[in-house]
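**Q** What follows is final-v4.pdb, PDB, C-alpha atoms and all ligand atoms.
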ATOM      1  CA  MET A1410      46.108 145.793 128.997
ATOM      2  CA  GLN A1411      47.236 143.591 131.886
ATOM      3  CA  LEU A1412      45.818 144.724 135.210
ATOM      4  CA  HIS A1413      47.033 143.862 138.681
ATOM      5  CA  ILE A1414      44.295 141.866 140.394
ATOM      6  CA  LEU A1415      43.607 142.646 144.038
ATOM      7  CA  HIS A1416      42.116 139.635 145.732
ATOM      8  CA  THR A1417      42.092 141.272 149.117
ATOM      9  CA  ALA A1418      40.326 144.258 150.608
ATOM     10  CA  PRO A1419      41.359 147.749 149.660
ATOM     11  CA  GLU A1420      43.477 149.286 152.389
ATOM     12  CA  PHE A1421      41.652 151.252 155.049
ATOM     13  CA  SER A1422      43.255 153.844 157.302
ATOM     14  CA  ARG A1423      44.292 152.631 160.754
ATOM     15  CA  ASP A1424      42.369 155.433 162.450
ATOM     16  CA  GLU A1425      39.095 154.329 160.924
ATOM     17  CA  GLY A1426      39.654 150.623 161.457
ATOM     18  CA  SER A1427      38.182 148.446 158.726
ATOM     19  CA  PRO A1428      34.946 146.635 157.920
ATOM     20  CA  ALA A1429      36.450 143.557 159.609
ATOM     21  CA  THR A1430      36.493 145.322 162.984
ATOM     22  CA  CYS A1431      33.610 147.721 162.339
ATOM     23  CA  ARG A1432      30.783 148.032 164.902
ATOM     24  CA  ARG A1433      28.996 150.985 163.305
ATOM     25  CA  CYS A1434      25.726 149.046 162.997
ATOM     26  CA  ILE A1435      24.284 145.822 164.404
ATOM     27  CA  LEU A1436      25.009 143.716 161.329
ATOM     28  CA  TRP A1437      28.443 142.649 162.548
ATOM     29  CA  ARG A1438      26.612 140.457 165.085
ATOM     30  CA  GLU A1439      24.730 138.637 162.313
ATOM     31  CA  GLY A1440      27.381 138.151 159.672
ATOM     32  CA  THR A1441      30.178 135.593 159.959
ATOM     33  CA  GLN A1442      32.678 138.113 158.589
ATOM     34  CA  ALA A1443      32.838 141.362 156.641
ATOM     35  CA  VAL A1444      32.743 140.924 152.867
ATOM     36  CA  VAL A1445      34.470 143.809 151.122
ATOM     37  CA  GLY A1446      34.883 144.574 147.444
ATOM     38  CA  GLU A1447      37.299 142.720 145.171
ATOM     39  CA  GLY A1448      38.781 143.413 141.781
ATOM     40  CA  PRO A1449      41.662 145.185 140.115
ATOM     41  CA  ARG A1450      42.895 148.509 141.389
ATOM     42  CA  GLY A1451      42.138 150.993 138.610
ATOM     43  CA  ALA A1452      39.198 148.923 137.354
ATOM     44  CA  PRO A1453      37.245 151.006 134.831
ATOM     45  CA  LEU A1454      33.936 149.640 136.145
ATOM     46  CA  MET A1455      32.739 149.282 139.710
ATOM     47  CA  LEU A1456      29.641 147.162 140.316
ATOM     48  CA  VAL A1457      27.726 147.805 143.524
ATOM     49  CA  GLY A1458      25.191 145.320 144.858
ATOM     50  CA  GLU A1459      23.126 145.426 148.038
ATOM     51  CA  ALA A1460      24.791 143.187 150.642
ATOM     52  CA  PRO A1461      26.532 139.816 150.873
ATOM     53  CA  GLY A1462      24.264 136.789 150.740
ATOM     54  CA  THR A1463      24.629 133.612 152.744
ATOM     55  CA  GLU A1464      27.253 132.077 150.377
ATOM     56  CA  GLU A1465      29.296 135.297 150.365
ATOM     57  CA  ASP A1466      29.073 135.476 154.146
ATOM     58  CA  ARG A1467      30.534 131.979 154.479
ATOM     59  CA  ALA A1468      33.194 132.430 151.784
ATOM     60  CA  GLY A1469      34.185 135.991 152.694
ATOM     61  CA  HIS A1470      34.087 137.065 149.020
ATOM     62  CA  PRO A1471      31.482 139.098 147.121
ATOM     63  CA  PHE A1472      29.250 137.663 144.378
ATOM     64  CA  VAL A1473      30.143 133.995 144.761
ATOM     65  CA  GLY A1474      26.548 132.758 145.132
ATOM     66  CA  PRO A1475      24.005 132.038 142.362
ATOM     67  CA  SER A1476      23.457 135.726 141.553
ATOM     68  CA  GLY A1477      27.243 136.170 141.258
ATOM     69  CA  VAL A1478      27.446 133.294 138.798
ATOM     70  CA  LEU A1479      24.658 134.857 136.743
ATOM     71  CA  LEU A1480      26.277 138.287 137.034
ATOM     72  CA  ARG A1481      29.539 136.988 135.533
ATOM     73  CA  GLU A1482      27.610 135.259 132.757
ATOM     74  CA  LEU A1483      25.768 138.517 131.937
ATOM     75  CA  LEU A1484      28.975 140.546 132.023
ATOM     76  CA  GLY A1485      30.626 138.099 129.639
ATOM     77  CA  GLU A1486      27.638 138.226 127.306
ATOM     78  CA  ALA A1487      27.777 142.035 127.302
ATOM     79  CA  GLY A1488      31.480 141.933 126.387
ATOM     80  CA  VAL A1489      32.735 142.939 129.837
ATOM     81  CA  ASP A1490      35.619 140.904 131.260
ATOM     82  CA  PRO A1491      34.587 140.203 134.897
ATOM     83  CA  ALA A1492      38.277 140.148 135.861
ATOM     84  CA  ARG A1493      38.457 143.865 135.009
ATOM     85  CA  VAL A1494      35.522 144.823 137.227
ATOM     86  CA  PHE A1495      35.626 145.793 140.897
ATOM     87  CA  MET A1496      32.637 144.183 142.631
ATOM     88  CA  THR A1497      31.327 145.298 145.975
ATOM     89  CA  ASN A1498      28.185 145.845 148.028
ATOM     90  CA  ALA A1499      26.556 148.823 149.717
ATOM     91  CA  VAL A1500      26.696 146.978 153.048
ATOM     92  CA  LYS A1501      29.578 144.735 154.101
ATOM     93  CA  HIS A1502      27.934 142.328 156.567
ATOM     94  CA  PHE A1503      25.226 139.764 155.846
ATOM     95  CA  GLY A1504      21.902 140.449 157.602
ATOM     96  CA  TYR A1505      19.273 137.745 157.853
ATOM     97  CA  GLN A1506      16.058 136.469 159.370
ATOM     98  CA  LEU A1507      15.805 132.848 160.413
ATOM     99  CA  ARG A1508      13.117 130.834 158.657
ATOM    100  CA  GLY A1509      13.299 127.501 160.380
ATOM    101  CA  ARG A1510      17.029 126.803 160.201
ATOM    102  CA  ARG A1511      17.536 128.781 157.016
ATOM    103  CA  ARG A1512      19.170 132.212 157.079
ATOM    104  CA  MET A1513      17.040 134.343 154.773
ATOM    105  CA  HIS A1514      18.604 137.562 153.448
ATOM    106  CA  ARG A1515      17.221 140.723 155.040
ATOM    107  CA  THR A1516      17.351 144.008 153.116
ATOM    108  CA  PRO A1517      19.540 146.491 155.000
ATOM    109  CA  GLY A1518      17.687 149.405 156.599
ATOM    110  CA  GLN A1519      18.435 153.094 156.310
ATOM    111  CA  ARG A1520      20.598 153.149 159.463
ATOM    112  CA  GLU A1521      22.701 150.236 158.218
ATOM    113  CA  LEU A1522      23.083 151.781 154.778
ATOM    114  CA  GLN A1523      24.138 155.073 156.278
ATOM    115  CA  ALA A1524      26.571 153.467 158.717
ATOM    116  CA  CYS A1525      28.241 151.380 156.021
ATOM    117  CA  ASN A1526      28.460 154.191 153.480
ATOM    118  CA  LEU A1527      31.864 155.140 154.898
ATOM    119  CA  TRP A1528      33.371 151.891 153.578
ATOM    120  CA  LEU A1529      31.722 152.175 150.178
ATOM    121  CA  ARG A1530      33.059 155.731 149.808
ATOM    122  CA  ARG A1531      36.560 154.535 150.762
ATOM    123  CA  GLU A1532      36.396 151.842 148.079
ATOM    124  CA  LEU A1533      35.271 154.409 145.501
ATOM    125  CA  GLU A1534      38.113 156.689 146.491
ATOM    126  CA  GLN A1535      40.709 153.927 146.198
ATOM    127  CA  ILE A1536      39.507 152.290 143.005
ATOM    128  CA  ALA A1537      38.425 155.532 141.273
ATOM    129  CA  PRO A1538      36.422 153.761 138.549
ATOM    130  CA  ARG A1539      35.369 155.551 135.369
ATOM    131  CA  VAL A1540      31.791 154.298 135.748
ATOM    132  CA  ILE A1541      29.731 152.857 138.620
ATOM    133  CA  VAL A1542      26.986 150.321 137.865
ATOM    134  CA  THR A1543      24.436 149.932 140.640
ATOM    135  CA  LEU A1544      22.506 146.680 140.899
ATOM    136  CA  GLY A1545      19.053 147.300 142.411
ATOM    137  CA  THR A1546      17.475 150.201 144.288
ATOM    138  CA  THR A1547      19.381 149.772 147.582
ATOM    139  CA  ALA A1548      22.750 150.036 145.824
ATOM    140  CA  LEU A1549      21.518 153.009 143.808
ATOM    141  CA  LYS A1550      20.425 154.783 146.986
ATOM    142  CA  ALA A1551      23.731 154.053 148.711
ATOM    143  CA  VAL A1552      25.741 155.475 145.795
ATOM    144  CA  LEU A1553      23.570 158.535 145.025
ATOM    145  CA  GLY A1554      22.348 159.294 148.538
ATOM    146  CA  GLU A1555      18.734 159.493 147.314
ATOM    147  CA  ARG A1556      16.042 156.956 146.530
ATOM    148  CA  LEU A1557      15.113 156.575 142.866
ATOM    149  CA  ALA A1558      13.175 153.857 141.083
ATOM    150  CA  ILE A1559      15.284 151.916 138.571
ATOM    151  CA  VAL A1560      12.833 152.687 135.749
ATOM    152  CA  ALA A1561      13.230 156.442 136.344
ATOM    153  CA  ALA A1562      16.963 156.194 137.009
ATOM    154  CA  ARG A1563      17.583 154.415 133.683
ATOM    155  CA  GLU A1564      16.220 157.453 131.827
ATOM    156  CA  ARG A1565      18.443 159.977 133.565
ATOM    157  CA  SER A1566      22.110 160.905 133.451
ATOM    158  CA  LEU A1567      23.307 160.211 136.967
ATOM    159  CA  ALA A1568      26.527 160.849 138.839
ATOM    160  CA  ALA A1569      27.783 159.937 142.294
ATOM    161  CA  PRO A1570      28.783 162.797 144.646
ATOM    162  CA  GLU A1571      32.384 162.070 143.556
ATOM    163  CA  GLY A1572      31.400 163.059 140.001
ATOM    164  CA  ILE A1573      31.619 159.502 138.633
ATOM    165  CA  PRO A1574      28.844 158.597 136.154
ATOM    166  CA  VAL A1575      26.337 156.029 137.438
ATOM    167  CA  ILE A1576      24.425 153.479 135.381
ATOM    168  CA  ALA A1577      21.477 152.047 137.297
ATOM    169  CA  THR A1578      20.254 148.566 136.493
ATOM    170  CA  TYR A1579      18.507 145.621 138.122
ATOM    171  CA  HIS A1580      20.160 143.117 140.438
ATOM    172  CA  PRO A1581      20.663 139.679 138.832
ATOM    173  CA  LEU A1582      18.635 138.310 141.750
ATOM    174  CA  ALA A1583      15.585 140.018 140.218
ATOM    175  CA  LEU A1584      16.165 137.945 137.094
ATOM    176  CA  LEU A1585      16.597 134.748 139.123
ATOM    177  CA  ARG A1586      13.392 135.450 141.046
ATOM    178  CA  ALA A1587      11.254 136.566 138.099
ATOM    179  CA  PRO A1588       8.371 134.099 137.952
ATOM    180  CA  ALA A1589       7.686 134.108 134.200
ATOM    181  CA  GLN A1590      10.058 133.392 131.327
ATOM    182  CA  GLU A1591       8.896 136.501 129.495
ATOM    183  CA  GLU A1592       9.819 138.669 132.473
ATOM    184  CA  LYS A1593      13.174 136.921 132.804
ATOM    185  CA  SER A1594      13.979 137.556 129.147
ATOM    186  CA  ALA A1595      13.010 141.233 129.384
ATOM    187  CA  LEU A1596      15.139 141.740 132.502
ATOM    188  CA  ARG A1597      18.061 139.977 130.874
ATOM    189  CA  ARG A1598      17.867 142.244 127.815
ATOM    190  CA  THR A1599      17.664 145.330 130.044
ATOM    191  CA  ILE A1600      20.658 144.356 132.185
ATOM    192  CA  LEU A1601      22.711 143.483 129.097
ATOM    193  CA  ALA A1602      21.845 146.826 127.488
ATOM    194  CA  ASP A1603      22.855 148.649 130.693
ATOM    195  CA  PHE A1604      26.169 146.789 130.915
ATOM    196  CA  GLY A1605      26.777 147.717 127.279
ATOM    197  CA  ARG A1606      26.074 151.406 128.054
ATOM    198  CA  ALA A1607      28.448 151.276 131.013
ATOM    199  CA  LEU A1608      31.155 149.739 128.866
ATOM    200  CA  ARG A1609      30.823 152.444 126.220
ATOM    201  CA  LEU A1610      30.773 155.188 128.850
ATOM    202  CA  ALA A1611      33.932 153.768 130.437
ATOM    203  CA  GLY A1612      35.541 153.833 126.986
ATOM    204  CA  THR A1613      36.857 150.281 127.229
TER
HETATM  205  S1  LIG B1701      27.510 146.329 157.934
HETATM  206 FE1  LIG B1701      29.018 147.934 157.578
HETATM  207  S2  LIG B1701      28.600 149.505 159.121
HETATM  208 FE2  LIG B1701      27.578 147.621 159.772
HETATM  209  S3  LIG B1701      29.079 146.631 161.123
HETATM  210 FE3  LIG B1701      29.368 145.789 159.075
HETATM  211  S4  LIG B1701      30.968 147.010 158.141
HETATM  212 FE4  LIG B1701      30.190 148.145 159.922
END
Do you think you could lay out the structure here as structure tokens?
**A**
Amino acid sequence: MQLHILHTAPEFSRDEGSPATCRRCILWREGTQAVVGEGPRGAPLMLVGEAPGTEEDRAGHPFVGPSGVLLRELLGEAGVDPARVFMTNAVKHFGYQLRGRRRMHRTPGQRELQACNLWLRRELEQIAPRVIVTLGTTALKAVLGERLAIVAARERSLAAPEGIPVIATYHPLALLRAPAQEEKSALRRTILADFGRALRLAGT
């Protein structure tokens, strides 16, 4: 089936503004620009990561850095066409700490997650995916509204408040950062299995 690809942000109501003009938390001061989700309207799968990284912040698009490249590779390997997936993050602005001159990613705090949840919920409403795949614990918390370890979450049937089934898996960054080859291979197998489950659940 041919799907219309949206390369721009979903539409947000005028009254609420948009992530581009949002000042609901302090992250707008750190990020270059808001990075909202991208993908086809009506995408069966929505992937939710944590926050844009430094490459995404510069480009203004989600998942264009090294973890995005790996993510697309893993999706392809699992039989998921990345062009049919809506990809977004729990938080829309890049937050960082300076280490020398390098901008090092900073995990968003509870206040930032809560503030930005409005935009994630709007994306969910507009895309209405059949299945949500969360990448990492921050994304899982943002979607479910409660903190759960990935190990425990993988053994449960989960659903977002909207009633959409949720598959929890690890962020590709965990695979990139894993120190040992054995750990990398195990994470890769786990993520691939979770993408496969999501695909079957979405019925695609
Ligand atoms: S991170 Fe989210 S809540 Fe915070 S300013 Fe940006 S768009 Fe608004």
**Q** Please find the residues contacting ligand LIG 1701 (chain B) at a distance of at most 9 Å between atoms, with only C-alpha atoms and all ligand atoms counted, and report them as a ChimeraX atom specification.
**A** /A:1427-1438,1440,1442-1445,1460,1499-1504,1517,1520-1529
**Q** Apply the PyMOL selection byres (((chain A and resi 1584-1591) around 12) and not hetatm) to the file shown and report the selected residues as a ChimeraX atom specification.
**A** /A:1474-1480,1483,1544-1545,1578-1583,1592-1601
**Q** Rounded to one decimal place, report the atom CA of Arg1450 of chain A-atom CA of Leu1533 of chain A distance in Å.
**A**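 Distance reported for this atom pair: 10.5 Å.
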**Q** May I ask for the distance between atom CA of Ala1607 of chain A and atom CA of Glu1465 of chain A, given in Å to one decimal place?
**A**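 These two atoms are separated by 25.1 Å.
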**Q** Point out the residue among A:Arg1515, A:Val1552, A:Pro1449, A:Phe1472 with the least atom-to-atom distance to Arg1531 of chain A, counting all atoms listed in the file.
**A** A:Val1552
**Q** A:Leu1610, A:Pro1453, A:Thr1463, A:Thr1516: which is nearest Arg1493 of chain A, counting all atoms listed in the file?
**A**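 Closest residue, counting all atoms listed in the file: A:Pro1453.
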**Q** Identify which of the residues A:Val1540, A:Leu1553, A:Ile1573, A:Val1560 lies closest to Arg1606 of chain A, counting all atoms listed in the file when measuring atom-to-atom distances.
**A**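 Of the candidates, the smallest distance to Arg1606 of chain A is held by A:Val1540.
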